[in-house]
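Asks: Have a peek at work03.cif (mmCIF, C-alpha atoms).
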data_target
loop_
_atom_site.group_PDB
_atom_site.id
_atom_site.type_symbol
_atom_site.label_atom_id
_atom_site.label_comp_id
_atom_site.auth_asym_id
_atom_site.auth_seq_id
_atom_site.Cartn_x
_atom_site.Cartn_y
_atom_site.Cartn_z
ATOM 1 C CA MET P 1 88.387 83.762 84.670
ATOM 2 C CA GLU P 2 91.382 86.027 84.748
ATOM 3 C CA GLN P 3 94.928 84.772 84.473
ATOM 4 C CA ILE P 4 97.291 86.751 86.642
ATOM 5 C CA GLU P 5 100.961 86.639 85.756
ATOM 6 C CA TYR P 6 103.426 86.039 88.570
ATOM 7 C CA THR P 7 106.509 83.898 88.743
ATOM 8 C CA ASN P 8 107.574 80.677 90.362
ATOM 9 C CA ASN P 9 111.288 80.956 89.701
ATOM 10 C CA GLY P 10 113.713 81.303 92.569
ATOM 11 C CA ALA P 11 115.076 84.773 91.806
ATOM 12 C CA LYS P 12 112.307 87.327 92.337
ATOM 13 C CA PRO P 13 112.457 91.120 92.173
ATOM 14 C CA LYS P 14 112.107 92.661 95.628
ATOM 15 C CA ASN P 15 108.380 93.460 95.333
ATOM 16 C CA GLU P 16 107.298 90.432 93.296
ATOM 17 C CA LEU P 17 105.067 87.819 94.899
ATOM 18 C CA SER P 18 105.405 84.078 94.443
ATOM 19 C CA LEU P 19 102.346 82.429 92.911
ATOM 20 C CA ARG P 20 101.460 80.963 96.293
ATOM 21 C CA ASP P 21 101.658 84.400 97.956
ATOM 22 C CA ALA P 22 99.659 85.976 95.125
ATOM 23 C CA ALA P 23 96.975 83.280 95.263
ATOM 24 C CA PHE P 24 96.474 83.766 98.998
ATOM 25 C CA SER P 25 96.524 87.565 98.636
ATOM 26 C CA TYR P 26 93.765 87.423 96.036
ATOM 27 C CA HIS P 27 91.845 84.936 98.166
ATOM 28 C CA ASN P 28 92.081 87.364 101.095
ATOM 29 C CA PHE P 29 90.645 90.112 98.844
ATOM 30 C CA GLY P 30 87.578 87.875 98.389
ATOM 31 C CA PHE P 31 88.422 86.170 95.094
ATOM 32 C CA ASN P 32 88.162 82.463 94.487
ATOM 33 C CA VAL P 33 91.417 81.363 92.884
ATOM 34 C CA THR P 34 92.596 78.507 90.703
ATOM 35 C CA CYS P 35 96.001 77.696 89.279
ATOM 36 C CA ILE P 36 97.170 77.293 85.710
ATOM 37 C CA CYS P 37 99.234 74.094 85.374
ATOM 38 C CA PRO P 38 99.532 73.079 81.700
ATOM 39 C CA SER P 39 101.781 70.122 82.524
ATOM 40 C CA LEU P 40 99.169 68.643 84.903
ATOM 41 C CA ASN P 41 96.044 69.375 82.868
ATOM 42 C CA ASN P 42 94.200 66.717 80.952
ATOM 43 C CA ASN P 43 92.831 69.530 78.786
ATOM 44 C CA THR P 44 95.555 69.945 76.162
ATOM 45 C CA LYS P 45 93.489 72.416 74.104
ATOM 46 C CA SER P 46 94.470 75.394 76.217
ATOM 47 C CA LEU P 47 97.660 76.248 78.043
ATOM 48 C CA LYS P 48 95.611 78.654 80.195
ATOM 49 C CA ALA P 49 93.061 76.091 81.356
ATOM 50 C CA PRO P 50 92.561 75.960 85.123
ATOM 51 C CA PHE P 51 93.773 72.972 87.095
ATOM 52 C CA GLY P 52 91.073 70.605 88.316
ATOM 53 C CA LYS P 53 87.396 71.301 88.830
ATOM 54 C CA TRP P 54 86.582 74.964 89.364
ATOM 55 C CA LYS P 55 83.114 75.855 88.013
ATOM 56 C CA HIS P 56 81.506 75.303 91.425
ATOM 57 C CA LEU P 57 83.703 78.170 92.663
ATOM 58 C CA LYS P 58 81.546 80.632 90.698
ATOM 59 C CA LYS P 59 78.823 80.094 93.308
ATOM 60 C CA GLU P 60 80.475 78.964 96.529
ATOM 61 C CA ARG P 61 83.292 80.492 98.547
ATOM 62 C CA GLN P 62 86.576 78.645 98.330
ATOM 63 C CA THR P 63 88.143 77.590 101.624
ATOM 64 C CA GLU P 64 91.801 78.139 102.433
ATOM 65 C CA GLU P 65 92.131 74.369 102.773
ATOM 66 C CA HIS P 66 90.963 73.951 99.170
ATOM 67 C CA LEU P 67 93.444 76.578 97.971
ATOM 68 C CA LYS P 68 96.299 74.917 99.907
ATOM 69 C CA LYS P 69 95.763 71.705 97.911
ATOM 70 C CA TYR P 70 96.653 73.340 94.585
ATOM 71 C CA PRO P 71 100.086 72.461 93.122
ATOM 72 C CA LEU P 72 101.081 76.145 93.030
ATOM 73 C CA GLU P 73 104.799 75.337 92.891
ATOM 74 C CA GLN P 74 104.182 73.735 89.483
ATOM 75 C CA ALA P 75 101.823 76.453 88.236
ATOM 76 C CA LYS P 76 102.509 78.894 85.405
ATOM 77 C CA GLY P 77 99.869 81.346 86.625
ATOM 78 C CA ILE P 78 96.801 81.784 88.769
ATOM 79 C CA GLY P 79 93.247 82.555 87.775
ATOM 80 C CA ALA P 80 90.642 84.618 89.595
ATOM 81 C CA ILE P 81 87.065 83.396 89.205
ATOM 82 C CA SER P 82 84.213 85.827 88.629
ATOM 83 C CA GLY P 83 80.883 85.320 90.360
ATOM 84 C CA ILE P 84 81.520 84.926 94.068
ATOM 85 C CA ASN P 85 81.163 88.005 96.307
ATOM 86 C CA SER P 86 79.529 89.844 93.371
ATOM 87 C CA ILE P 87 82.939 90.091 91.662
ATOM 88 C CA ARG P 88 82.522 90.692 87.938
ATOM 89 C CA THR P 89 84.860 91.247 84.994
ATOM 90 C CA ILE P 90 84.472 93.355 81.897
ATOM 91 C CA ASP P 91 86.491 91.565 79.200
ATOM 92 C CA ILE P 92 87.620 93.695 76.250
ATOM 93 C CA ASP P 93 89.308 91.760 73.421
ATOM 94 C CA LYS P 94 91.180 92.753 70.253
ATOM 95 C CA CYS P 95 91.289 96.501 70.873
ATOM 96 C CA LEU P 96 91.819 98.692 67.844
ATOM 97 C CA ALA P 97 94.771 101.089 67.723
ATOM 98 C CA ASP P 98 92.574 104.129 68.435
ATOM 99 C CA PHE P 99 90.914 102.563 71.516
ATOM 100 C CA SER P 100 91.603 104.473 74.734
ATOM 101 C CA ILE P 101 91.211 102.390 77.882
ATOM 102 C CA GLU P 102 91.522 105.582 79.962
ATOM 103 C CA ASN P 103 88.521 107.133 78.188
ATOM 104 C CA PHE P 104 86.571 103.902 78.568
ATOM 105 C CA LEU P 105 87.279 103.833 82.309
ATOM 106 C CA LEU P 106 86.122 107.459 82.628
ATOM 107 C CA GLU P 107 82.907 106.571 80.726
ATOM 108 C CA LEU P 108 82.302 103.860 83.340
ATOM 109 C CA GLY P 109 82.782 106.403 86.128
ATOM 110 C CA LEU P 110 86.114 104.875 87.147
ATOM 111 C CA PRO P 111 89.424 106.745 87.492
ATOM 112 C CA LYS P 112 91.774 106.438 84.507
ATOM 113 C CA ASN P 113 94.382 104.855 86.803
ATOM 114 C CA TYR P 114 91.892 102.235 88.084
ATOM 115 C CA GLU P 115 93.930 99.690 90.064
ATOM 116 C CA TRP P 116 91.829 96.647 89.107
ATOM 117 C CA LEU P 117 92.567 96.994 85.390
ATOM 118 C CA VAL P 118 94.640 94.154 83.920
ATOM 119 C CA GLN P 119 96.033 94.066 80.385
ATOM 120 C CA SER P 120 95.499 90.672 78.790
ATOM 121 C CA GLY P 121 98.412 88.376 78.008
ATOM 122 C CA SER P 122 98.122 89.136 74.284
ATOM 123 C CA GLY P 123 98.534 92.851 74.987
ATOM 124 C CA LYS P 124 95.470 93.531 72.796
ATOM 125 C CA GLY P 125 92.778 93.522 75.455
ATOM 126 C CA TYR P 126 91.869 94.351 79.027
ATOM 127 C CA HIS P 127 90.015 92.904 81.980
ATOM 128 C CA ILE P 128 88.354 95.334 84.356
ATOM 129 C CA TRP P 129 87.496 93.788 87.721
ATOM 130 C CA ILE P 130 84.493 95.398 89.393
#
Represent the structure contained in this file as structure tokens.
Replies:
Amino acid sequence: MEQIEYTNNGAKPKNELSLRDAAFSYHNFGFNVTCICPSLNNNTKSLKAPFGKWKHLKKERQTEEHLKKYPLEQAKGIGAISGINSIRTIDIDKCLADFSIENFLLELGLPKNYEWLVQSGSGKGYHIWI
């Protein structure tokens, strides 16, 4: 699952989406989406744990009604779930200083400015959505 960073504060840059807008945009692209709500999670081991039950969303398409029930106003992020609609993620962790993501993308046959590349929150890894 990929955490996507957006904001829920009142003052947004002109082109920045609210978490609710971002969640519905990703849902419209075909992703199943969950929200990251550390304050509402029973799982205190991870601040990035998804809210509520979500594993069934790897195999069945999420409805808009399901997405509307999420407490997105209290969320710190959203997560996109791999599996549905043949959406997959290549997860690269702890990259060494000499690692070139552009070269890796080219090796995969993707352009070096691939738009579905996301740098991880740590800044030391990448997620490539395919």
Asks: For the provided coordinates, the residues matched by the PyMOL selection byres ((chain P and resi 115-117) around 6) should be stated as a list in words.
Replies: Tyr114, Val118, His127, Ile128 and Trp129 of chain P
Asks: Export, as a PDB file, in the frame of the given file, the selected residues with C-alpha atoms.
Replies:
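Output below, filename part_5.pdb:
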ATOM      1  CA  TYR P 114      91.892 102.235  88.084  1.00  0.00           C
ATOM      2  CA  VAL P 118      94.640  94.154  83.920  1.00  0.00           C
ATOM      3  CA  HIS P 127      90.015  92.904  81.980  1.00  0.00           C
ATOM      4  CA  ILE P 128      88.354  95.334  84.356  1.00  0.00           C
ATOM      5  CA  TRP P 129      87.496  93.788  87.721  1.00  0.00           C
TER       6      TRP P 129
END
Asks: What is the distance between atom CA of Gly83 of chain P and atom CA of Glu64 of chain P, in Å to one decimal?
Replies: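 Taking atom CA of Gly83 of chain P as the start and atom CA of Glu64 of chain P as the end point, the length is 17.8 Å.
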Asks: Just how far from atom CA of Phe51 of chain P is atom CA of Ile84 of chain P, in Å to one decimal?
Replies: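 Between atom CA of Ile84 of chain P and atom CA of Phe51 of chain P the gap works out to 18.5 Å.
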Asks: So the first atom is atom CA of Gly123 of chain P and the second is atom CA of Leu72 of chain P; what is the distance between them in Å, to one decimal place?
Replies: 24.7 Å
Asks: With all atoms listed in the file as the atoms that count, which of P:Gln74, P:Ser122, P:Ser18, P:Gln62 lies nearest to Ile36 of chain P?
Replies: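 Ranking P:Gln74, P:Ser122, P:Ser18, P:Gln62 by distance to Ile36 of chain P, first place goes to P:Gln74.
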Asks: Compile the contact shell of Ile92 of chain P as a PDB file with C-alpha atoms, in the coordinates of the input: residues with an atom at most 10 Å away, counting only C-alpha atoms, same-chain residues fewer than 6 positions apart removed.
Replies:
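Output below, filename result38.pdb:
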ATOM      1  CA  ILE P 101      91.211 102.390  77.882  1.00  0.00           C
ATOM      2  CA  GLN P 119      96.033  94.066  80.385  1.00  0.00           C
ATOM      3  CA  SER P 120      95.499  90.672  78.790  1.00  0.00           C
ATOM      4  CA  LYS P 124      95.470  93.531  72.796  1.00  0.00           C
ATOM      5  CA  GLY P 125      92.778  93.522  75.455  1.00  0.00           C
ATOM      6  CA  TYR P 126      91.869  94.351  79.027  1.00  0.00           C
ATOM      7  CA  HIS P 127      90.015  92.904  81.980  1.00  0.00           C
ATOM      8  CA  ILE P 128      88.354  95.334  84.356  1.00  0.00           C
TER       9      ILE P 128
END
Asks: Take the PyMOL selection byres ((chain P and resi 28) around 12), apply it to the structure above, and return the hits as number ranges by chain.
Replies: P: 21-27, 29-33, 61-64, 67, 80, 85
Asks: Is it possible to get the axis-aligned box enclosing segment 91-106 of chain P (all listed atoms, 3 Å extra per side) as lines of an AutoDock Vina configuration file, with centre and edge lengths in Å rounded to one decimal?
Replies:
center_x = 90.4
center_y = 99.5
center_z = 75.2
size_x = 14.6
size_y = 21.9
size_z = 20.9
Asks: Restricting the calculation to only C-alpha atoms: of P:Ile78, P:Ile90, P:Gly121, P:Ser100, which residue gets closest to Ala49 of chain P?
Replies: P:Ile78
Asks: Rank P:Ile130, P:Glu73, P:Lys59, P:Arg20 by their smallest atom-to-atom distance to Leu108 of chain P, using all atoms listed in the file, and report the top residue only.
Replies: P:Ile130
Asks: Counting only C-alpha atoms, find residues at most 9 Å from (89.0, 73.7, 90.8) (file frame) and give them as a list in words.
Replies: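 Checked against the point, the hits come out as Val33, Thr34, Cys35, Pro50, Phe51, Gly52, Lys53, Trp54, Lys55, His56, Leu57, His66, Leu67 and Tyr70 of chain P.
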Asks: So that I have them on file, write out the residues from the current selection with C-alpha atoms, as an mmCIF file, in the coordinates of the input.
Replies:
data_model
loop_
_atom_site.group_PDB
_atom_site.id
_atom_site.type_symbol
_atom_site.label_atom_id
_atom_site.label_comp_id
_atom_site.auth_asym_id
_atom_site.auth_seq_id
_atom_site.Cartn_x
_atom_site.Cartn_y
_atom_site.Cartn_z
ATOM 1 C CA VAL P 33 91.417 81.363 92.884
ATOM 2 C CA THR P 34 92.596 78.507 90.703
ATOM 3 C CA CYS P 35 96.001 77.696 89.279
ATOM 4 C CA PRO P 50 92.561 75.960 85.123
ATOM 5 C CA PHE P 51 93.773 72.972 87.095
ATOM 6 C CA GLY P 52 91.073 70.605 88.316
ATOM 7 C CA LYS P 53 87.396 71.301 88.830
ATOM 8 C CA TRP P 54 86.582 74.964 89.364
ATOM 9 C CA LYS P 55 83.114 75.855 88.013
ATOM 10 C CA HIS P 56 81.506 75.303 91.425
ATOM 11 C CA LEU P 57 83.703 78.170 92.663
ATOM 12 C CA HIS P 66 90.963 73.951 99.170
ATOM 13 C CA LEU P 67 93.444 76.578 97.971
ATOM 14 C CA TYR P 70 96.653 73.340 94.585
#
